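Printed here is upload25.csv (CSV, C-alpha atoms):
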```csv
chain,number,residue,atom,x,y,z
W,248,MET,CA,168.9,95.9,35.1
W,249,SER,CA,166.9,92.9,36.3
W,250,LYS,CA,163.4,92.1,35.0
W,251,ARG,CA,162.0,92.9,38.5
W,252,ASN,CA,163.5,96.4,38.4
W,253,THR,CA,162.2,96.9,34.9
W,254,GLN,CA,158.7,96.0,36.0
W,255,GLN,CA,159.0,98.4,39.0
W,256,ARG,CA,160.1,101.2,36.8
W,257,ARG,CA,157.2,100.7,34.4
W,258,HIS,CA,154.8,100.6,37.3
W,259,THR,CA,156.2,103.9,38.6
W,260,ILE,CA,155.9,105.4,35.1
W,261,ILE,CA,152.2,104.7,35.1
W,262,THR,CA,151.9,106.2,38.6
W,263,LEU,CA,153.7,109.4,37.6
W,264,LEU,CA,151.6,109.6,34.4
W,265,ASN,CA,148.4,109.4,36.5
W,266,GLU,CA,149.6,112.1,38.9
W,267,LEU,CA,151.1,114.5,36.3
W,268,GLY,CA,148.8,114.0,33.3
W,269,GLU,CA,151.8,113.7,31.0
W,270,VAL,CA,155.4,112.5,31.1
W,271,SER,CA,158.4,113.2,28.9
W,272,VAL,CA,161.2,110.7,27.8
W,273,GLU,CA,163.8,113.2,29.0
W,274,SER,CA,162.4,113.7,32.5
W,275,LEU,CA,161.8,109.9,33.0
W,276,ALA,CA,165.4,109.2,31.9
W,277,ARG,CA,166.6,111.6,34.6
W,278,GLU,CA,164.2,110.2,37.2
W,279,PHE,CA,165.4,106.6,36.7
W,280,GLN,CA,169.0,107.5,35.8
W,281,THR,CA,168.7,105.4,32.6
W,282,SER,CA,168.9,106.1,28.9
W,283,GLU,CA,166.2,107.6,26.8
W,284,VAL,CA,166.3,104.5,24.6
W,285,THR,CA,165.3,102.4,27.6
W,286,ILE,CA,162.5,104.8,28.5
W,287,ARG,CA,161.2,104.7,24.9
W,288,LYS,CA,161.1,100.9,25.1
W,289,ASP,CA,159.2,101.1,28.3
W,290,LEU,CA,156.6,103.5,26.8
W,291,ALA,CA,156.3,101.2,23.7
W,292,THR,CA,155.6,98.2,25.9
W,293,LEU,CA,153.1,100.1,28.1
W,294,GLU,CA,151.3,101.5,25.0
W,295,ALA,CA,151.1,97.9,23.6
W,296,SER,CA,149.4,96.9,26.8
W,297,GLY,CA,146.9,99.7,26.5
W,298,LEU,CA,148.2,101.6,29.6
W,299,LEU,CA,149.1,104.9,27.9
W,300,LEU,CA,149.4,106.7,24.6
W,301,ARG,CA,152.7,107.8,23.3
W,302,ARG,CA,153.2,111.3,21.9
W,303,TYR,CA,156.3,112.9,20.5
W,304,GLY,CA,158.8,113.1,23.3
W,305,GLY,CA,156.7,111.4,25.9
W,306,ALA,CA,153.3,109.9,26.8
W,307,VAL,CA,149.8,110.8,28.0
W,308,PRO,CA,147.1,108.8,29.7
W,309,VAL,CA,144.6,106.9,27.6
W,310,PRO,CA,141.5,109.2,27.2
W,311,GLN,CA,138.6,108.0,29.2
W,312,GLU,CA,136.3,107.7,26.2
W,313,ILE,CA,138.7,105.2,24.7
W,314,VAL,CA,138.4,102.9,27.7
W,315,SER,CA,134.7,103.3,28.2
W,316,ASP,CA,132.1,100.7,27.3
W,317,ASP,CA,131.3,102.1,23.9
W,318,PRO,CA,134.4,104.0,22.9
W,319,ALA,CA,134.6,103.7,19.2
W,320,HIS,CA,131.1,104.8,18.6
W,321,LYS,CA,131.4,107.8,20.9
W,322,VAL,CA,134.7,109.0,19.5
W,323,SER,CA,133.7,108.4,15.8
W,324,LYS,CA,130.5,110.3,16.2
W,325,ARG,CA,132.4,113.3,17.6
W,326,LYS,CA,135.0,113.3,14.9
W,327,LEU,CA,132.4,112.8,12.2
W,328,ALA,CA,130.4,115.8,13.5
W,329,ILE,CA,133.5,117.9,13.6
W,330,GLY,CA,134.6,116.8,10.1
W,331,GLN,CA,131.2,117.5,8.7
W,332,ALA,CA,131.2,121.0,10.2
W,333,ALA,CA,134.6,121.7,8.8
W,334,ALA,CA,133.5,120.5,5.3
W,335,GLU,CA,130.6,123.0,5.4
W,336,LEU,CA,133.2,125.8,5.5
W,337,ILE,CA,134.7,124.8,2.2
W,338,GLY,CA,133.4,126.1,-1.1
W,339,ASP,CA,134.0,124.9,-4.7
W,340,HIS,CA,137.4,125.6,-6.2
W,341,GLN,CA,139.1,126.4,-2.9
W,342,ARG,CA,142.7,125.7,-2.1
W,343,ILE,CA,143.0,124.0,1.3
W,344,ILE,CA,145.7,122.3,3.5
W,345,ILE,CA,144.7,119.3,5.6
W,346,ASP,CA,147.3,118.6,8.3
W,347,SER,CA,147.9,115.1,9.6
W,348,GLY,CA,145.7,113.6,12.3
W,349,ARG,CA,142.6,111.5,12.8
W,350,THR,CA,140.2,114.4,13.5
W,351,THR,CA,141.3,116.3,10.4
W,352,ALA,CA,141.1,113.1,8.3
W,353,ALA,CA,137.4,112.8,9.4
W,354,MET,CA,136.5,115.6,7.1
W,355,ILE,CA,137.9,114.0,3.9
W,356,PRO,CA,134.9,111.8,3.1
W,357,GLN,CA,132.7,114.9,3.3
W,358,LEU,CA,134.5,116.6,0.5
W,359,GLY,CA,133.2,114.4,-2.3
W,360,SER,CA,130.6,117.0,-3.4
W,361,LYS,CA,133.1,119.8,-3.7
W,362,ARG,CA,134.2,120.7,-7.2
W,363,GLY,CA,137.7,121.9,-8.3
W,364,LEU,CA,139.4,121.6,-4.9
W,365,VAL,CA,143.2,121.8,-4.5
W,366,VAL,CA,144.3,120.0,-1.4
W,367,MET,CA,147.7,119.8,0.1
W,368,THR,CA,148.6,117.5,2.9
W,369,ASN,CA,151.6,116.1,4.8
W,370,SER,CA,149.9,112.8,5.6
W,371,LEU,CA,150.1,109.7,3.5
W,372,ASN,CA,146.8,108.4,5.0
W,373,SER,CA,145.0,111.6,4.2
W,374,ALA,CA,146.5,111.6,0.7
W,375,ASN,CA,145.2,108.1,0.0
W,376,ALA,CA,141.8,109.1,1.3
W,377,ILE,CA,141.7,112.1,-1.0
W,378,ARG,CA,142.7,110.0,-4.0
W,379,GLU,CA,139.6,107.9,-3.4
W,380,LEU,CA,137.2,110.8,-3.7
W,381,GLU,CA,135.1,110.7,-6.9
W,382,ASN,CA,135.4,114.4,-7.6
W,383,GLU,CA,139.2,113.9,-7.9
W,384,PRO,CA,140.6,117.0,-6.2
W,385,THR,CA,144.1,118.2,-7.3
W,386,LEU,CA,146.4,116.6,-4.7
W,387,LEU,CA,149.6,118.2,-3.5
W,388,MET,CA,152.1,116.6,-1.0
W,389,THR,CA,154.5,118.6,1.1
W,390,GLY,CA,157.3,116.1,0.9
W,391,GLY,CA,160.0,116.4,3.5
W,392,THR,CA,161.3,114.1,6.2
W,393,TRP,CA,159.0,111.4,7.5
W,394,ASP,CA,158.3,111.6,11.2
W,395,PRO,CA,157.1,108.3,12.7
W,396,HIS,CA,155.7,109.9,15.8
W,397,SER,CA,153.3,112.2,14.1
W,398,GLU,CA,153.0,109.9,11.0
W,399,SER,CA,153.6,112.9,8.8
W,400,PHE,CA,156.2,114.7,6.7
W,401,GLN,CA,158.0,117.5,8.5
W,402,GLY,CA,161.1,119.6,8.1
W,403,GLN,CA,162.6,122.3,6.0
W,404,VAL,CA,161.8,120.7,2.6
W,405,ALA,CA,158.1,120.6,3.6
W,406,GLU,CA,158.2,124.1,4.8
W,407,GLN,CA,159.9,125.4,1.6
W,408,VAL,CA,157.2,123.6,-0.5
W,409,LEU,CA,154.4,125.3,1.5
W,410,ARG,CA,155.9,128.7,1.1
W,411,SER,CA,155.6,128.4,-2.7
W,412,TYR,CA,151.8,128.3,-2.4
W,413,ASP,CA,148.9,130.3,-0.9
W,414,PHE,CA,145.8,128.7,0.4
W,415,ASP,CA,142.3,129.7,1.4
W,416,GLN,CA,142.1,127.5,4.5
W,417,LEU,CA,144.2,125.3,6.8
W,418,PHE,CA,142.5,122.5,8.7
W,419,ILE,CA,144.7,121.4,11.7
W,420,GLY,CA,144.3,119.5,14.9
W,421,ALA,CA,145.9,119.9,18.3
W,422,ASP,CA,146.9,117.8,21.3
W,423,GLY,CA,145.4,120.3,23.6
W,424,ILE,CA,143.7,123.7,23.8
W,425,ASP,CA,144.9,126.4,26.3
W,426,VAL,CA,141.9,128.8,26.4
W,427,SER,CA,144.2,131.7,27.2
W,428,ARG,CA,147.1,131.0,24.8
W,429,GLY,CA,146.0,128.9,21.8
W,430,THR,CA,146.6,125.4,20.5
W,431,THR,CA,149.2,123.2,22.3
W,432,THR,CA,151.1,120.0,21.3
W,433,PHE,CA,153.4,117.4,22.7
W,434,ASN,CA,155.2,117.4,19.3
W,435,GLU,CA,158.3,119.6,19.4
W,436,LEU,CA,158.3,119.8,15.6
W,437,ILE,CA,156.0,122.8,15.3
W,438,GLY,CA,157.8,124.6,12.5
W,439,LEU,CA,155.6,123.2,9.7
W,440,SER,CA,152.4,124.0,11.6
W,441,LYS,CA,153.5,127.7,11.8
W,442,VAL,CA,154.3,127.7,8.1
W,443,MET,CA,151.0,126.1,7.2
W,444,ALA,CA,149.2,128.9,9.2
W,445,GLU,CA,151.2,131.6,7.4
W,446,ALA,CA,150.3,130.1,4.0
W,447,ALA,CA,146.6,130.1,4.6
W,448,ARG,CA,144.1,133.0,4.8
W,449,ASP,CA,142.0,131.2,7.5
W,450,VAL,CA,143.2,128.7,10.0
W,451,VAL,CA,140.5,126.2,11.2
W,452,VAL,CA,141.4,124.1,14.3
W,453,MET,CA,139.5,120.8,14.7
W,454,VAL,CA,139.6,119.3,18.1
W,455,GLU,CA,137.4,117.3,20.5
W,456,SER,CA,136.2,119.1,23.6
W,457,ASN,CA,138.0,116.8,26.0
W,458,LYS,CA,141.3,118.3,24.8
W,459,VAL,CA,140.3,121.8,26.0
W,460,GLY,CA,142.2,122.7,29.2
W,461,ARG,CA,144.9,120.0,28.8
W,462,LYS,CA,148.1,121.2,30.3
W,463,ILE,CA,150.7,120.8,27.5
W,464,PRO,CA,153.9,122.8,27.4
W,465,ASN,CA,154.4,123.5,23.7
W,466,LEU,CA,152.4,126.3,22.3
W,467,GLU,CA,151.7,125.5,18.6
W,468,LEU,CA,149.5,128.3,17.3
W,469,PRO,CA,148.5,131.4,19.3
W,470,TRP,CA,144.9,132.5,19.1
W,471,GLU,CA,145.8,135.5,16.9
W,472,LYS,CA,146.7,132.9,14.2
W,473,VAL,CA,143.4,131.0,14.5
W,474,SER,CA,140.2,132.0,12.7
W,475,VAL,CA,137.8,129.2,13.7
W,476,LEU,CA,137.7,126.4,16.3
W,477,ILE,CA,135.5,123.5,15.5
W,478,THR,CA,134.7,121.1,18.4
W,479,ASP,CA,131.8,119.0,19.7
W,480,ASP,CA,128.8,120.1,21.6
W,481,GLU,CA,130.1,119.1,25.0
W,482,LEU,CA,132.4,122.2,25.2
W,483,SER,CA,131.1,124.3,28.0
W,484,ASP,CA,129.6,127.8,27.6
W,485,GLU,CA,132.4,129.2,29.9
W,486,ALA,CA,135.2,127.7,27.8
W,487,THR,CA,133.5,128.9,24.6
W,488,ALA,CA,133.3,132.4,25.9
W,489,GLN,CA,137.0,132.4,27.0
W,490,ILE,CA,138.1,131.4,23.6
W,491,GLU,CA,135.8,133.8,21.7
W,492,ILE,CA,137.3,136.7,23.7
W,493,HIS,CA,140.4,136.2,21.4
W,494,GLY,CA,138.4,136.8,18.3
W,495,VAL,CA,138.1,133.1,17.4
W,496,ARG,CA,134.8,131.8,16.0
W,497,VAL,CA,133.8,128.7,17.9
W,498,ILE,CA,131.6,126.0,16.3
W,499,ARG,CA,130.2,123.3,18.5
W,500,ALA,CA,129.1,120.6,16.2
W,501,SER,CA,126.3,118.3,17.4
W,502,SER,CA,127.3,114.7,17.6
W,503,GLN,CA,123.7,113.6,18.3
W,504,SER,CA,122.2,111.3,15.6
```

Mind converting the file's structure to structure tokens?
Amino acid sequence: MSKRNTQQRRHTIITLLNELGEVSVESLAREFQTSEVTIRKDLATLEASGLLLRRYGGAVPVPQEIVSDDPAHKVSKRKLAIGQAAAELIGDHQRIIIDSGRTTAAMIPQLGSKRGLVVMTNSLNSANAIRELENEPTLLMTGGTWDPHSESFQGQVAEQVLRSYDFDQLFIGADGIDVSRGTTTFNELIGLSKVMAEAARDVVVMVESNKVGRKIPNLELPWEKVSVLITDDELSDEATAQIEIHGVRVIRASSQS
């Protein structure tokens, strides 16, 4: 295919993404009658140009706060507030799971005052951050198969390891929140998330409010599996009430300094 056609295809991908809110590699390959390998290269190029964010199996638009005038400060304040609220739910000598993700990782620096923690994670980045804590929690890794899309270990080995333990709490993120169904994700590898939820007494979802209402097809955890949702203080009263109907405690952490 000529360079001109390649540019036209990539321009059309951005147009479709803006119209639909998300695109999948499979659907784009059908749309352009080309291979999924070619589409993945397109998405990688467009992401490198700052035009979209890749997710497992497809892509989503760049969130508005990332392209705003002061993105890093706004996002970091929200994540920090959510992470601090999550850490306040943890007592000494508790056994917790921290799933991969930037929002869940934001809680790790807040754990330095907790004594006798046992922490399992499937994320190398989170594991390294946990190792730097002065209180030296006992660190467990799931092992398994490395998934470059989610930057975490997944698969049957990881699931088997998790089934060998029991935990007080799971802290997990989400690509989206469906107020009527539960947490949703672009990642089709949801088996480990389900096993994590089964291994923990309480499931705590950590997510920024701009992800509430996102239309994402894959249901990850139904509300009956979730104990607490921690988000920022921009979540509306209406959305809060819709979620609390399902028996989920909603914490809206203030990101104001």

Enter the distance from CA of Gln489 (chain W) to CA of Ile345 (chain W), in Å, rounded to one decimal.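 A separation of 26.2 Å between them.
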
State, in Å with one decimal place, the distance from CA of Val450 (chain W) to CA of Ile419 (chain W). 7.6 Å

From the set W:Ser271, W:Thr259, W:Thr281, W:Thr432, which residue has the shortest atom-to-atom contact distance to Gly420 (chain W), counting only C-alpha atoms?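 The closest residue to Gly420 (chain W) is W:Thr432.
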
So the first atom is CA of Met453 (chain W) and the second is CA of Arg496 (chain W); what is the distance between them in Å, to one decimal place?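 Between CA of Met453 (chain W) and CA of Arg496 (chain W) the gap is 12.0 Å.
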
Residues near region 374-388 of chain W, cut-off 8 Å, all atoms listed in the file, skip fewer than 4 positions along chain, as a PyMOL selection string: chain W and resi 355-356+358-370

Which polymer residues have any atom within 10 Å of an atom of region 402-404 of chain W, counting all atoms listed in the file, with same-chain residues fewer than 5 positions away left out, as a list in words? Thr389, Gly390, Gly391, Thr392, Trp393, Asp394, Leu409, Leu436, Ile437, Gly438 and Leu439 of chain W

Which residues, written as a PyMOL selection string, have at least one atom at most 7 Å from Gln341 (chain W), with all atoms listed in the file counted and residues fewer than 2 positions away on the same chain left out? chain W and resi 337-339+343+364-365+415

Write the residues of the preceding selection, restricted to C-alpha atoms, as a PDB file, in the coordinates of the input.
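The resulting part_13.pdb:
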```pdb
ATOM      1  CA  ILE W 337     134.700 124.800   2.200  1.00  0.00           C
ATOM      2  CA  GLY W 338     133.400 126.100  -1.100  1.00  0.00           C
ATOM      3  CA  ASP W 339     134.000 124.900  -4.700  1.00  0.00           C
ATOM      4  CA  ILE W 343     143.000 124.000   1.300  1.00  0.00           C
ATOM      5  CA  LEU W 364     139.400 121.600  -4.900  1.00  0.00           C
ATOM      6  CA  VAL W 365     143.200 121.800  -4.500  1.00  0.00           C
ATOM      7  CA  ASP W 415     142.300 129.700   1.400  1.00  0.00           C
TER       8      ASP W 415
END
```

Taking into account all atoms listed in the file, which residue in the set W:Leu482, W:Ile260, W:Val442, W:Leu336 is nearest to Gln401 (chain W)?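 Comparing W:Leu482, W:Ile260, W:Val442, W:Leu336 against Gln401 (chain W), the winner is W:Val442.
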
Taking only C-alpha atoms into account, which of W:Leu468, W:Val475, W:Ile344, W:Ala444 comes nearest Phe418 (chain W)?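 Closest candidate: W:Ile344.
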
From W:Ala328, W:Ala446, W:Val451, W:Asn434, residue lying nearest Val408 (chain W) [only C-alpha atoms]: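 Closest to Val408 (chain W) of all the choices is W:Ala446.
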
List the neighbours of region 286-295 of chain W out to 8 Å using all atoms listed in the file; skip same-chain residues closer than 5 positions along the sequence, and give me the result as an MDAnalysis selection string. chainID W and resid 257 272 275:276 281 300:301 305:306
